[in-house]
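Novice: Before I ask anything, let me first share the structure, which is written out below as structure tokens.
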Amino acid sequence: MAYSEDTIFALSSGSLPSGVAVVRVSGPEALRVAAALTGTEIKARTAVLRTIRSRNNEVIDKGLVLTFPGPHSFTGENSVEFHLHGGRAVVYRLLDELAAITGLRQAEAGEFSRRAFENGKADLVEMEGLADLIAAETEMQRRLAMEQSFGGLSSIYTGWADTLTRMRALIEAELDFADEDDVPGSVSDQVWKKVVHLSDEMNAHLRQAGQGEIIRNGLKVVISGPPNAGKSSLMNVLAGSDLAIVTDVAGTTRDVLHVDLDIGGYLVRLYDTAGLRETDERVEQEGIKRALRAAQSADIVLYVEEIGQGTVLSLLDDTKKSIRIGNKIDLHQDDPATADYDLCISTVDGTGLDTLKQMLIGDLEVLNQHSGFVLPVRARQVGHLRAAQTCLVEALTNDHLGLDVRSEFLRMAGHELGKVTGRVDVEQLLDVIFSEFCIGK
Ligand SMILES: Nc1nc2c(ncn2[C@@H]2O[C@H](COP(=O)(O)OP(=O)(O)OP(=O)(O)O)[C@@H](O)[C@H]2O)c(=O)[nH]1
Ligand SMILES: [K+]
Ligand SMILES: [Mg+2]
């Protein structure tokens with residue numbers, strides 16, 4: 001492909017300065033570049049310490065050089081890594097040198113990964129997982145990304161696509177040899193039983209899409225409730241930092257405040273909002289409008305009141321998943337109103353805060369035990385999976401139609417699954433299977 005005629009290079013490690021910086025080169029010229037800059041041939045896949053020189057023999061740096069002849073490299077092409085001292089001037093000196101060599105150019109964003117995909121080193125799901133792995137900030141994001149990037153998720157989708165192909169092969173056989181005695185009539189019964197099973201499995205998988213999204217993008221938690229309930233105090237104590245202004249003046253918070261937390265390895269995106277009440281004060285009115293909007297877009301609302309001091313719960317959209325919290329338990333130990341709440345806490349002495357954290361991530365933890373982290377994550381993946389599932393339902397429910405039509409729905413489902421991984425080579429597989437099927441016939 002014309003695309004890979006260029007040899008590309010880029011700084012692949014993080015921002016400078018750093019202890020070590022890795023400059024990666026990939027493409028047809030890569031091995032020649034390594035030899036030219038080090039003045040030696042370099043043994044494949046072996047770290048060797050070399051003086052790296054410009055073409056007019058100035059020393060650029062001394063560092064490790066590794067070569068990976070294709071296809072045994074990340075991109076599948078000939079590749080080289082230069083491990084330099086991570087100073088800005090050092091790295092830019094090498095990058096300038098590389099840019100000056102004919103046939104070499106700076107890589108575009110994602111170009112190494114794109115080449116890896118095009119050379120069959122990884123499929124789209126694995127590539128998306130790799131991007132997520134690099135972006136992962138919490139333990140659960142990391143685990144989710146690993147299932148994608150190391151092929152766990154892909155193997156499910158390719159397994160499903162293979163099953164569909166096999167089912168179609170059986171249907172084809174039944175159609176072709178319907179008049180003969182040696183293909184049992186029950187073949188298509190077996191096929192539809194399998195397809196029902198597959199459809200159920202896909203449904204169960206799709207039901208977890210929301211959870212995958214929450215782990216990846218964070219659980220949006222909005223603190224709401226009347227003024228002076230201690231909402232900002234709760235935000236501060238959960239964040240372990242004095243982010244929000246806390247005073248005993250009702251109506252202290254106006255703007256929506258936000259902090260990202262790592263709770264039990266999950267990303268929780270926490271928002272503090274203005275206290276809800278009737279008011280003529282224009283700035284406060286605007287704050288309350290924003291507070292209600294934030295609550296509407298939450299995954300979970302932490303509805304906070306001071307125990308027994310009146311409620312504004314009716315102002316909130318009650319279809320929302322919420323945890324009703326009674327705050328200032330330190331002042332209201334024996335108040336019978338404590339029974340009105342899902343949980344009583346004190347932001348002053350810390351009562352109930354661990355329980356609250358457990359409640360927040362409780363649903364996600366349950367999920368995690370059932371299915372590990374093999375979850376659909378991105379809207380792109382979910383879209384194709386839903387389309388595939390719809391095709392299966394069409395094939396199953398239209399049993400008044402001919403086998404050929406129903407088989408076509410199975411083909412379309414397989415095609416959608418192929419789009420998830422970017423490997424739409426189902427047809428080829430069908431050829432193979434079907435030719436095997438006919439041997440000895
Ligand atoms: N005793 C006690 N006081 C608390 C507790 N939590 C908050 N407070 C106090 O309650 C008052 C109001 O706290 P804030 O955190 O500002 O309340 P808020 O809900 O954010 O108030 P607005 O932003 O005005 O809506 C402050 O004086 C806090 O010190 C608690 O658990 N116990
Ligand atoms: K306040
Ligand atoms: Mg506040």
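Every chain in the structure tokens has a letter given in the order shown (A, B, ...), and although residue numbers restart at 1 in each chain, ligands are simply numbered from 1 in the order shown.
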Under the rule of at most 7 Å, produce a per-residue listing of chain A near ligand 3: chain, number, name, the closest pair of atoms, and the distance in Å, as a Markdown table, using only C-alpha atoms and all ligand atoms.
Specialist:
```
| residue | atom | partner | partner_atom_place_in_ligand_line | distance |
| --- | --- | --- | --- | --- |
| A:Asn228 | CA | ligand 3 | 1 (Mg) | 6.8 |
| A:Gly230 | CA | ligand 3 | 1 (Mg) | 6.7 |
| A:Lys231 | CA | ligand 3 | 1 (Mg) | 5.3 |
| A:Ser232 | CA | ligand 3 | 1 (Mg) | 4.0 |
| A:Ala244 | CA | ligand 3 | 1 (Mg) | 6.9 |
| A:Ile245 | CA | ligand 3 | 1 (Mg) | 6.6 |
| A:Val246 | CA | ligand 3 | 1 (Mg) | 6.0 |
| A:Gly251 | CA | ligand 3 | 1 (Mg) | 6.9 |
| A:Thr252 | CA | ligand 3 | 1 (Mg) | 5.3 |
| A:Thr253 | CA | ligand 3 | 1 (Mg) | 4.1 |
| A:Asp272 | CA | ligand 3 | 1 (Mg) | 6.9 |
| A:Thr273 | CA | ligand 3 | 1 (Mg) | 6.6 |
| A:Ala274 | CA | ligand 3 | 1 (Mg) | 5.9 |
| A:Gly275 | CA | ligand 3 | 1 (Mg) | 6.6 |
```
Novice: Considering only C-alpha atoms, return as a count of residues only whatever protein or nucleic-acid residues lie within 6 Å of stretch 217-222 of chain A, sequence-local ones (same chain, fewer than 6 positions apart) excluded.
Specialist: 11
Novice: Extract, using only C-alpha atoms, all DNA, RNA and protein residues at most 9 Å from A:Ala21, discarding same-chain residues fewer than 5 positions from it, and format them as a count of residues only.
Specialist: 13
Novice: What's around A:Met167 at 6 Å? Count only C-alpha atoms, leave out sequence neighbours fewer than 3 positions away in its own chain, and write the answer as a ChimeraX atom specification.
Specialist: /A:164,170,191
Novice: Would you mind exporting the chosen residues as a PDB file, in the first residue's frame, restricted to N, CA and C atoms?
Specialist:
```
ATOM      1  N   LEU A 164     -21.668 -18.001  13.313  1.00  0.00           N
ATOM      2  CA  LEU A 164     -22.638 -17.647  12.280  1.00  0.00           C
ATOM      3  C   LEU A 164     -22.236 -18.234  10.934  1.00  0.00           C
ATOM      4  N   LEU A 170     -24.095 -24.837   7.199  1.00  0.00           N
ATOM      5  CA  LEU A 170     -25.051 -25.935   7.391  1.00  0.00           C
ATOM      6  C   LEU A 170     -26.336 -25.685   6.601  1.00  0.00           C
ATOM      7  N   VAL A 191     -29.450 -25.525  13.835  1.00  0.00           N
ATOM      8  CA  VAL A 191     -28.969 -24.183  13.514  1.00  0.00           C
ATOM      9  C   VAL A 191     -29.746 -23.138  14.289  1.00  0.00           C
TER      10      VAL A 191
END
```
Novice: Throw together the list of residues within 10 Å of ligand 1, counting only C-alpha atoms and all ligand atoms, and drop it here as a PyMOL selection string.
Specialist: chain A and resi 223-237+244-255+272-277+284+287-288+304-307+326-332+344-351
Novice: When you look at A:Arg216 with a cut-off of 8 Å (counting only C-alpha atoms), what residues show up, excluding the ones that are within fewer than 6 positions of it in the same chain? I need them as a CSV table (one decimal) with C-alpha atoms, in the first residue's frame.
Specialist:
```csv
chain,number,residue,atom,x,y,z
A,141,GLN,CA,-10.1,1.7,33.4
A,144,LEU,CA,-11.2,-2.7,31.0
A,267,LEU,CA,-13.4,7.0,38.1
A,377,VAL,CA,-17.2,0.0,25.7
```
Novice: So which residues of stretch 76-223 of chain A fall under strand (DSSP E) by DSSP, listed as a VMD selection string?
Specialist: chain A and resid 79 to 86 104 to 106 219 to 223
Novice: Next, write the just-selected residues to a file, as a PDB file, in the first residue's frame, keeping C-alpha atoms as the atom set.
Specialist:
```pdb
ATOM      1  CA  SER A  79      11.210  -0.751  13.157  1.00  0.00           C
ATOM      2  CA  VAL A  80      13.866   0.817  15.341  1.00  0.00           C
ATOM      3  CA  GLU A  81      13.842   2.323  18.803  1.00  0.00           C
ATOM      4  CA  PHE A  82      16.412   4.846  19.989  1.00  0.00           C
ATOM      5  CA  HIS A  83      16.466   5.196  23.782  1.00  0.00           C
ATOM      6  CA  LEU A  84      17.981   8.605  24.435  1.00  0.00           C
ATOM      7  CA  HIS A  85      18.609  10.788  27.436  1.00  0.00           C
ATOM      8  CA  GLY A  86      15.310  12.609  27.750  1.00  0.00           C
ATOM      9  CA  LEU A 104      11.673   9.806   6.351  1.00  0.00           C
ATOM     10  CA  ARG A 105       9.027  12.026   7.820  1.00  0.00           C
ATOM     11  CA  GLN A 106       7.406  12.762  11.180  1.00  0.00           C
ATOM     12  CA  LEU A 219     -19.601   7.606  37.056  1.00  0.00           C
ATOM     13  CA  LYS A 220     -21.242  11.044  37.111  1.00  0.00           C
ATOM     14  CA  VAL A 221     -22.286  11.795  40.689  1.00  0.00           C
ATOM     15  CA  VAL A 222     -24.067  15.069  41.491  1.00  0.00           C
ATOM     16  CA  ILE A 223     -24.558  16.362  45.036  1.00  0.00           C
TER      17      ILE A 223
END
```
Novice: Based on DSSP run over this structure's backbone, return all residues of stretch 12-168 of chain A in alpha helix (DSSP H), as a ChimeraX atom specification.
Specialist: /A:30-38,88-99,111-118,124-135,139-149,152-168
Novice: Any chance you can output those residues with C-alpha atoms as a PDB file, in the first residue's frame?
Specialist:
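Contents of the output file part-v9.pdb:
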```pdb
ATOM      1  CA  ALA A  30      14.227   1.963   9.405  1.00  0.00           C
ATOM      2  CA  LEU A  31      17.002  -0.625   9.599  1.00  0.00           C
ATOM      3  CA  ARG A  32      19.224   1.368   7.259  1.00  0.00           C
ATOM      4  CA  VAL A  33      18.722   4.443   9.442  1.00  0.00           C
ATOM      5  CA  ALA A  34      19.813   2.521  12.545  1.00  0.00           C
ATOM      6  CA  ALA A  35      22.956   1.322  10.790  1.00  0.00           C
ATOM      7  CA  ALA A  36      23.725   4.783   9.425  1.00  0.00           C
ATOM      8  CA  LEU A  37      23.367   6.601  12.739  1.00  0.00           C
ATOM      9  CA  THR A  38      25.305   4.027  14.767  1.00  0.00           C
ATOM     10  CA  ARG A  88      14.639  18.431  24.974  1.00  0.00           C
ATOM     11  CA  ALA A  89      17.726  19.413  22.985  1.00  0.00           C
ATOM     12  CA  VAL A  90      18.949  15.825  22.739  1.00  0.00           C
ATOM     13  CA  VAL A  91      15.642  14.546  21.405  1.00  0.00           C
ATOM     14  CA  TYR A  92      15.102  17.424  18.981  1.00  0.00           C
ATOM     15  CA  ARG A  93      18.644  17.019  17.627  1.00  0.00           C
ATOM     16  CA  LEU A  94      17.833  13.399  16.702  1.00  0.00           C
ATOM     17  CA  LEU A  95      14.388  14.273  15.306  1.00  0.00           C
ATOM     18  CA  ASP A  96      15.956  16.988  13.112  1.00  0.00           C
ATOM     19  CA  GLU A  97      18.545  14.504  11.912  1.00  0.00           C
ATOM     20  CA  LEU A  98      15.862  11.943  11.036  1.00  0.00           C
ATOM     21  CA  ALA A  99      13.756  14.548   9.223  1.00  0.00           C
ATOM     22  CA  GLU A 111       0.024   6.446  12.411  1.00  0.00           C
ATOM     23  CA  PHE A 112       2.059   3.706  14.102  1.00  0.00           C
ATOM     24  CA  SER A 113      -1.157   2.098  15.347  1.00  0.00           C
ATOM     25  CA  ARG A 114      -2.828   2.525  11.996  1.00  0.00           C
ATOM     26  CA  ARG A 115       0.011   0.679  10.302  1.00  0.00           C
ATOM     27  CA  ALA A 116      -0.221  -2.071  12.923  1.00  0.00           C
ATOM     28  CA  PHE A 117      -3.910  -2.448  12.090  1.00  0.00           C
ATOM     29  CA  GLU A 118      -3.340  -2.406   8.344  1.00  0.00           C
ATOM     30  CA  LEU A 124      -9.893  -2.277  15.675  1.00  0.00           C
ATOM     31  CA  VAL A 125     -11.132  -3.296  19.117  1.00  0.00           C
ATOM     32  CA  GLU A 126      -7.566  -4.004  20.203  1.00  0.00           C
ATOM     33  CA  MET A 127      -6.436  -0.663  18.823  1.00  0.00           C
ATOM     34  CA  GLU A 128      -9.215   1.206  20.597  1.00  0.00           C
ATOM     35  CA  GLY A 129      -8.257  -0.692  23.744  1.00  0.00           C
ATOM     36  CA  LEU A 130      -4.657   0.371  23.332  1.00  0.00           C
ATOM     37  CA  ALA A 131      -5.718   4.020  23.145  1.00  0.00           C
ATOM     38  CA  ASP A 132      -7.763   3.512  26.318  1.00  0.00           C
ATOM     39  CA  LEU A 133      -4.892   1.721  28.040  1.00  0.00           C
ATOM     40  CA  ILE A 134      -2.643   4.697  27.423  1.00  0.00           C
ATOM     41  CA  ALA A 135      -5.348   7.077  28.666  1.00  0.00           C
ATOM     42  CA  GLU A 139      -7.315   0.626  37.971  1.00  0.00           C
ATOM     43  CA  MET A 140     -10.712  -0.330  36.521  1.00  0.00           C
ATOM     44  CA  GLN A 141     -10.118   1.694  33.364  1.00  0.00           C
ATOM     45  CA  ARG A 142      -6.841  -0.168  33.021  1.00  0.00           C
ATOM     46  CA  ARG A 143      -8.484  -3.587  33.396  1.00  0.00           C
ATOM     47  CA  LEU A 144     -11.241  -2.699  30.956  1.00  0.00           C
ATOM     48  CA  ALA A 145      -8.702  -1.466  28.421  1.00  0.00           C
ATOM     49  CA  MET A 146      -6.610  -4.613  28.850  1.00  0.00           C
ATOM     50  CA  GLU A 147      -9.510  -6.893  27.923  1.00  0.00           C
ATOM     51  CA  GLN A 148      -9.857  -4.898  24.738  1.00  0.00           C
ATOM     52  CA  SER A 149      -6.252  -4.351  23.822  1.00  0.00           C
ATOM     53  CA  GLY A 152     -10.217 -10.728  25.177  1.00  0.00           C
ATOM     54  CA  LEU A 153     -13.124  -8.827  23.686  1.00  0.00           C
ATOM     55  CA  SER A 154     -12.131  -9.484  20.070  1.00  0.00           C
ATOM     56  CA  SER A 155     -12.047 -13.232  20.614  1.00  0.00           C
ATOM     57  CA  ILE A 156     -15.698 -13.135  21.689  1.00  0.00           C
ATOM     58  CA  TYR A 157     -16.724 -11.235  18.574  1.00  0.00           C
ATOM     59  CA  THR A 158     -14.721 -13.377  16.187  1.00  0.00           C
ATOM     60  CA  GLY A 159     -16.085 -16.467  17.955  1.00  0.00           C
ATOM     61  CA  TRP A 160     -19.626 -15.241  17.325  1.00  0.00           C
ATOM     62  CA  ALA A 161     -18.858 -14.444  13.690  1.00  0.00           C
ATOM     63  CA  ASP A 162     -17.366 -17.929  13.219  1.00  0.00           C
ATOM     64  CA  THR A 163     -20.449 -19.560  14.725  1.00  0.00           C
ATOM     65  CA  LEU A 164     -22.638 -17.647  12.280  1.00  0.00           C
ATOM     66  CA  THR A 165     -20.492 -18.714   9.361  1.00  0.00           C
ATOM     67  CA  ARG A 166     -20.738 -22.337  10.400  1.00  0.00           C
ATOM     68  CA  MET A 167     -24.493 -22.057  10.749  1.00  0.00           C
ATOM     69  CA  ARG A 168     -24.729 -20.635   7.257  1.00  0.00           C
TER      70      ARG A 168
END
```
Novice: Go through A:Val23, A:Leu364, A:Val195, A:Ala47 and flag the residue nearest A:Ala107, using only C-alpha atoms for the distances.
Specialist: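 Using only C-alpha atoms, A:Ala107 sits closest to A:Val23.
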Novice: What's around A:His205 at 12 Å? Count only C-alpha atoms, leave out sequence neighbours fewer than 3 positions away in its own chain, and write the answer as a PyMOL selection string.
Specialist: chain A and resi 153+156-157+160+198-202+208-212+367+370-377+381-382+385-386+389
Novice: For A:Gly310, which residue among A:Phe150, A:Gly383, A:Asp340, A:Phe74 is the nearest when counting only C-alpha atoms?
Specialist: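 Under the stated criterion, the closest residue is A:Asp340.
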Novice: Please compute the atom CA of A:Ser18-atom CA of A:Asp6 distance, one decimal, in Å.
Specialist: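 These atoms are spaced 28.5 Å apart.
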